[in-house]
Amino acid sequence: MPLNRRKFLKRSAVTGAGVALTGAVGAPAARAAVAEGGRKHVKRYALTVLGTTDLHGHVFNWDYFKNAEYSDAAGNAMGLARISTLVAQIRKEKGRRNTLLLDAGDTIQGTPLTYYYAKVDPITAKGGPVHPMAQAMNAIGYDAVALGNHEFNYGIETLRKFESQCDFPLLGANALDAKTLKPAFPPYFMKRFHVPGLPPVKVAVLGLTNPGIAIWDKAYVQGKLTFPGLEEQAAKWVPKLRSMGADVVVVSAHSGSSGTSSYGDQLPYVENSAALVAQQVPGIDAILVGHAHVEIPELKVTNAKSGKTVVLSEPLCYAERLSVFDFELVFEKGRWQVESVAASLRDSKSVADDPEITKLLKDEHAAVVKYVNQVVGTATETLTTVEARYKDAPIIDLITKVQEDVVRAALAGTEYASLPVIAQASPFSRTSQIPAGQVTIRDLSGLYVYDNTLVAKLLTGAQVRAYLEYSAEYFVQTAAGAVVDPEKLTNANNRPDYNYDYVSGLRYDIDVAQAAGARIKNLTFNGAALDDAQQFVLAVNNYRANGGGAFPYVASAKELWSESTEIRTRIAEWVTAKGSLDPKEFASVDWKLTRDGTPVF
């Protein structure tokens, strides 16, 4: 019988207990092998652990922003309906009772589907719907899921409601109650695999989430939850799991393997620490890696204390890949030992959707398609982000204009009402387009793909200048005489597009021939050189305001106002109120790339 999740959650919220399933699991993959020379039989068991990560609300191979089947240049396919088919194949191949299905987090945010069931028809409403991700993952039969940072984007109430709808635990050994410092979610999950005539194989899954939640969703978690480092909590829990008799320890970690952090020194914990956990904490056999949105079929890390190999794997995000860990165990000296672990990936494009998942969620999918195709206005011309990384594009000016208007209205009548409002925005997508003619919610949602909200921060001119210099590090230094290839001009030091900011309300040049830190030239406000002492109100998204991207000064700057309405919604409201989208009302050329004073374009 499955564990009653709702009863357990009431208990675990108080005790911080893990989840243990001890019921019979049935037909094993045990076998006997006769060694050469006629020695006694060696008892073996084969276990398969399957893993996904960073699903971000992708149930079907569908692009809600394009209103079409998903496609990319690599020919990938995505969605839990495909994963369901892959999982069913492997369960048939290995024996379902010899498999475990895990996920490493970021489940309930990322598509119009997840937004719809958080905000438009919310799961938190009285008599509200069951979240489509819970329905799909329950139907597929997930055993445990680690918390991702994006699980907290809609607040703790939405997360707890989602948790109550799942037939599996949401694990977070380092998601602690801020007051008691006890786990606020189950730290681990344990399952026994029965082997006839021998002790069961006990498999423990430790769930770890990302310390960055404390920054990125500060508004929701501050004073309620705290998120210490993964290495520290793994070092605490892995020995406990071994002492409880775990023969196999698997970590599901919403943390990449690079050992880097996007938030600089704002937190004393590493953002992408999965490989560090493997290296520093003995007793772990394998780690399902998440958060980084990269594809790692198999990464072997040697533990510094035990000398043993830990196998890591990260499947590509959006349910485009499935990680497969194959364990070989041998029964020696009265206990099960892990003899070997091998990891590989299965590709979602190799299979079709599971018709059962299609049938289960066709109505929810249809409701979201209808919602995003609502017409909210008309555009006088086509707007696109194709060149927005290296040219001041009107489509990004739309975002900054909306943010400026919202913040000005919010501060009206306050002591800050007379201060100039400037705004930041990033070129999130390279393919967004608002077509001439009718404009729909999906057109606008495709422009602003994240569920960010708006914050007003107080900065000085000097701080704004430093902010712009930091942003300009996004460009690759390019000598004045060199040929310019736009595809090689950006993303210096692997900085993603979402960590490059426009700032409206100012005029400036970015001289890419100069070294980083000395690129901002001719910086003016209202036609005059920027006064370092001038005060500005920066309209900024909550990710950036809380330290995301490690931009200088903004995280520590005085907060004047914030709200919980998504910027995406504010854009839709602005367009709806105007009825038309005319660049003459919001577009201006505020910045350009130069080399030694000569424009690049």
# chains A, B, ... in the order shown; residues from 1 in each chain; ligands from 1

call {"tool": "residues_around", "arguments": {"residues": "region 523-525 of chain A", "least_positions_apart": "5", "cutoff": "6 Å", "atoms": "only C-alpha atoms", "output": "PyMOL selection string"}}
result
chain A and resi 506-508+530

call {"tool": "residues_around", "arguments": {"residues": "Leu447 (chain A)", "least_positions_apart": "3", "cutoff": "9 Å", "atoms": "only C-alpha atoms", "output": "MDAnalysis selection string"}}
result
chainID A and resid 65 384:385 395:396 399 427:429 431:434 442:444 568

call {"tool": "residues_around", "arguments": {"residues": "Ala409 (chain A)", "least_positions_apart": "3", "cutoff": "12 Å", "atoms": "only C-alpha atoms", "output": "count of residues only"}}
result
15

call {"tool": "residues_around", "arguments": {"residues": "Tyr543 (chain A)", "least_positions_apart": "2", "cutoff": "9 Å", "atoms": "only C-alpha atoms", "output": "PyMOL selection string"}}
result
chain A and resi 215-217+452-453+540-541+545-549

call {"tool": "residues_around", "arguments": {"residues": "Asp285 (chain A)", "least_positions_apart": "6", "cutoff": "9 Å", "atoms": "only C-alpha atoms", "output": "VMD selection string"}}
result
chain A and resid 248 to 251 278 308 to 312 338 341

call {"tool": "residues_around", "arguments": {"residues": "region 322-332 of chain A", "least_positions_apart": "6", "cutoff": "6 Å", "atoms": "only C-alpha atoms", "output": "PyMOL selection string"}}
result
chain A and resi 43-52+315+338-346

call {"tool": "residues_around", "arguments": {"residues": "Ala516 (chain A)", "least_positions_apart": "6", "cutoff": "12 Å", "atoms": "only C-alpha atoms", "output": "VMD selection string"}}
result
chain A and resid 466 468 to 478 492 to 493 510

call {"tool": "write_last_selection", "arguments": {"atoms": "C-alpha atoms", "output": "CSV table (one decimal), in the first residue's frame"}}
result
chain,number,residue,atom,x,y,z
A,466,ALA,CA,29.1,50.3,-11.6
A,468,LEU,CA,26.3,49.1,-16.0
A,469,GLU,CA,30.1,48.2,-16.1
A,470,TYR,CA,29.3,44.9,-14.5
A,471,SER,CA,26.6,44.3,-17.1
A,472,ALA,CA,28.9,45.2,-19.9
A,473,GLU,CA,31.3,42.3,-19.0
A,474,TYR,CA,28.8,40.2,-21.0
A,475,PHE,CA,30.6,41.3,-24.2
A,476,VAL,CA,33.8,39.7,-25.5
A,477,GLN,CA,36.6,42.2,-25.8
A,478,THR,CA,36.9,42.9,-29.5
A,492,ALA,CA,31.9,36.3,-22.3
A,493,ASN,CA,33.0,33.9,-19.5
A,510,ILE,CA,29.6,50.3,-24.4

call {"tool": "select_by_dssp", "arguments": {"residues": "region 91-165 of chain A", "states": "helix (DSSP H, G or I)", "output": "number ranges by chain"}}
result
A: 91-94, 96-98, 112-120, 132-140, 149-152, 156-165

call {"tool": "write_last_selection", "arguments": {"atoms": "N, CA and C atoms", "output": "mmCIF file, in the first residue's frame"}}
result
data_model
loop_
_atom_site.group_PDB
_atom_site.id
_atom_site.type_symbol
_atom_site.label_atom_id
_atom_site.label_comp_id
_atom_site.auth_asym_id
_atom_site.auth_seq_id
_atom_site.Cartn_x
_atom_site.Cartn_y
_atom_site.Cartn_z
ATOM 1 N N ARG A 91 11.234 -0.229 -17.189
ATOM 2 C CA ARG A 91 10.608 -1.090 -16.167
ATOM 3 C C ARG A 91 10.305 -2.478 -16.731
ATOM 4 N N LYS A 92 9.890 -2.522 -17.979
ATOM 5 C CA LYS A 92 9.618 -3.818 -18.604
ATOM 6 C C LYS A 92 10.921 -4.595 -18.792
ATOM 7 N N GLU A 93 11.955 -3.868 -19.152
ATOM 8 C CA GLU A 93 13.272 -4.470 -19.400
ATOM 9 C C GLU A 93 13.931 -4.962 -18.113
ATOM 10 N N LYS A 94 13.840 -4.167 -17.068
ATOM 11 C CA LYS A 94 14.539 -4.468 -15.818
ATOM 12 C C LYS A 94 13.655 -5.137 -14.767
ATOM 13 N N ARG A 96 9.803 -3.851 -13.045
ATOM 14 C CA ARG A 96 9.421 -2.627 -12.341
ATOM 15 C C ARG A 96 9.864 -2.643 -10.895
ATOM 16 N N ARG A 97 9.821 -3.808 -10.283
ATOM 17 C CA ARG A 97 10.118 -3.903 -8.845
ATOM 18 C C ARG A 97 11.608 -3.795 -8.549
ATOM 19 N N ASN A 98 12.390 -3.641 -9.583
ATOM 20 C CA ASN A 98 13.835 -3.451 -9.399
ATOM 21 C C ASN A 98 14.268 -2.041 -9.807
ATOM 22 N N PRO A 112 3.553 28.338 -19.370
ATOM 23 C CA PRO A 112 2.205 28.843 -19.115
ATOM 24 C C PRO A 112 1.320 27.821 -18.395
ATOM 25 N N LEU A 113 1.609 26.537 -18.576
ATOM 26 C CA LEU A 113 0.840 25.514 -17.865
ATOM 27 C C LEU A 113 1.001 25.664 -16.358
ATOM 28 N N THR A 114 2.226 25.814 -15.903
ATOM 29 C CA THR A 114 2.440 25.941 -14.456
ATOM 30 C C THR A 114 1.957 27.284 -13.944
ATOM 31 N N TYR A 115 2.115 28.336 -14.748
ATOM 32 C CA TYR A 115 1.606 29.650 -14.338
ATOM 33 C C TYR A 115 0.087 29.618 -14.189
ATOM 34 N N TYR A 116 -0.581 28.988 -15.130
ATOM 35 C CA TYR A 116 -2.047 28.932 -15.132
ATOM 36 C C TYR A 116 -2.574 28.302 -13.843
ATOM 37 N N TYR A 117 -1.933 27.199 -13.416
ATOM 38 C CA TYR A 117 -2.446 26.494 -12.230
ATOM 39 C C TYR A 117 -1.877 27.032 -10.916
ATOM 40 N N ALA A 118 -1.042 28.061 -11.029
ATOM 41 C CA ALA A 118 -0.613 28.782 -9.825
ATOM 42 C C ALA A 118 -1.373 30.081 -9.654
ATOM 43 N N LYS A 119 -1.770 30.701 -10.798
ATOM 44 C CA LYS A 119 -2.327 32.056 -10.727
ATOM 45 C C LYS A 119 -3.719 32.217 -11.342
ATOM 46 N N VAL A 120 -3.989 31.570 -12.460
ATOM 47 C CA VAL A 120 -5.260 31.782 -13.165
ATOM 48 C C VAL A 120 -6.346 30.873 -12.606
ATOM 49 N N PRO A 132 -1.362 19.741 -12.682
ATOM 50 C CA PRO A 132 -1.055 18.785 -13.760
ATOM 51 C C PRO A 132 0.264 18.044 -13.558
ATOM 52 N N MET A 133 1.254 18.703 -12.962
ATOM 53 C CA MET A 133 2.522 18.016 -12.728
ATOM 54 C C MET A 133 2.369 16.924 -11.676
ATOM 55 N N ALA A 134 1.547 17.172 -10.669
ATOM 56 C CA ALA A 134 1.273 16.129 -9.674
ATOM 57 C C ALA A 134 0.529 14.968 -10.323
ATOM 58 N N GLN A 135 -0.461 15.296 -11.158
ATOM 59 C CA GLN A 135 -1.226 14.238 -11.826
ATOM 60 C C GLN A 135 -0.310 13.373 -12.698
ATOM 61 N N ALA A 136 0.538 14.028 -13.491
ATOM 62 C CA ALA A 136 1.406 13.275 -14.400
ATOM 63 C C ALA A 136 2.428 12.442 -13.634
ATOM 64 N N MET A 137 3.064 13.039 -12.637
ATOM 65 C CA MET A 137 4.120 12.331 -11.909
ATOM 66 C C MET A 137 3.553 11.221 -11.044
ATOM 67 N N ASN A 138 2.350 11.419 -10.512
ATOM 68 C CA ASN A 138 1.683 10.340 -9.778
ATOM 69 C C ASN A 138 1.378 9.175 -10.719
ATOM 70 N N ALA A 139 0.876 9.507 -11.905
ATOM 71 C CA ALA A 139 0.509 8.459 -12.865
ATOM 72 C C ALA A 139 1.737 7.679 -13.328
ATOM 73 N N ILE A 140 2.840 8.367 -13.515
ATOM 74 C CA ILE A 140 4.075 7.691 -13.953
ATOM 75 C C ILE A 140 4.667 6.858 -12.824
ATOM 76 N N ASN A 149 14.846 25.187 -6.600
ATOM 77 C CA ASN A 149 14.641 26.573 -6.158
ATOM 78 C C ASN A 149 13.358 27.172 -6.723
ATOM 79 N N HIS A 150 12.985 26.773 -7.943
ATOM 80 C CA HIS A 150 11.776 27.346 -8.540
ATOM 81 C C HIS A 150 10.493 26.812 -7.907
ATOM 82 N N GLU A 151 10.600 25.798 -7.072
ATOM 83 C CA GLU A 151 9.419 25.342 -6.328
ATOM 84 C C GLU A 151 8.869 26.446 -5.417
ATOM 85 N N PHE A 152 9.714 27.406 -5.062
ATOM 86 C CA PHE A 152 9.333 28.445 -4.110
ATOM 87 C C PHE A 152 8.845 29.728 -4.790
ATOM 88 N N ILE A 156 5.100 29.653 -0.377
ATOM 89 C CA ILE A 156 5.097 28.386 0.359
ATOM 90 C C ILE A 156 3.721 27.722 0.333
ATOM 91 N N GLU A 157 2.647 28.525 0.328
ATOM 92 C CA GLU A 157 1.302 27.933 0.314
ATOM 93 C C GLU A 157 1.089 27.096 -0.947
ATOM 94 N N THR A 158 1.487 27.621 -2.093
ATOM 95 C CA THR A 158 1.338 26.864 -3.345
ATOM 96 C C THR A 158 2.204 25.606 -3.322
ATOM 97 N N LEU A 159 3.420 25.729 -2.809
ATOM 98 C CA LEU A 159 4.305 24.568 -2.733
ATOM 99 C C LEU A 159 3.719 23.498 -1.818
ATOM 100 N N ARG A 160 3.220 23.901 -0.668
ATOM 101 C CA ARG A 160 2.647 22.920 0.264
ATOM 102 C C ARG A 160 1.398 22.252 -0.324
ATOM 103 N N LYS A 161 0.613 23.009 -1.069
ATOM 104 C CA LYS A 161 -0.565 22.417 -1.704
ATOM 105 C C LYS A 161 -0.136 21.396 -2.752
ATOM 106 N N PHE A 162 0.853 21.746 -3.547
ATOM 107 C CA PHE A 162 1.387 20.798 -4.525
ATOM 108 C C PHE A 162 1.909 19.554 -3.817
ATOM 109 N N GLU A 163 2.643 19.763 -2.747
ATOM 110 C CA GLU A 163 3.188 18.641 -1.975
ATOM 111 C C GLU A 163 2.077 17.701 -1.517
ATOM 112 N N SER A 164 0.971 18.271 -1.053
ATOM 113 C CA SER A 164 -0.138 17.449 -0.558
ATOM 114 C C SER A 164 -0.819 16.662 -1.673
ATOM 115 N N GLN A 165 -0.649 17.111 -2.909
ATOM 116 C CA GLN A 165 -1.279 16.435 -4.049
ATOM 117 C C GLN A 165 -0.404 15.333 -4.642
#
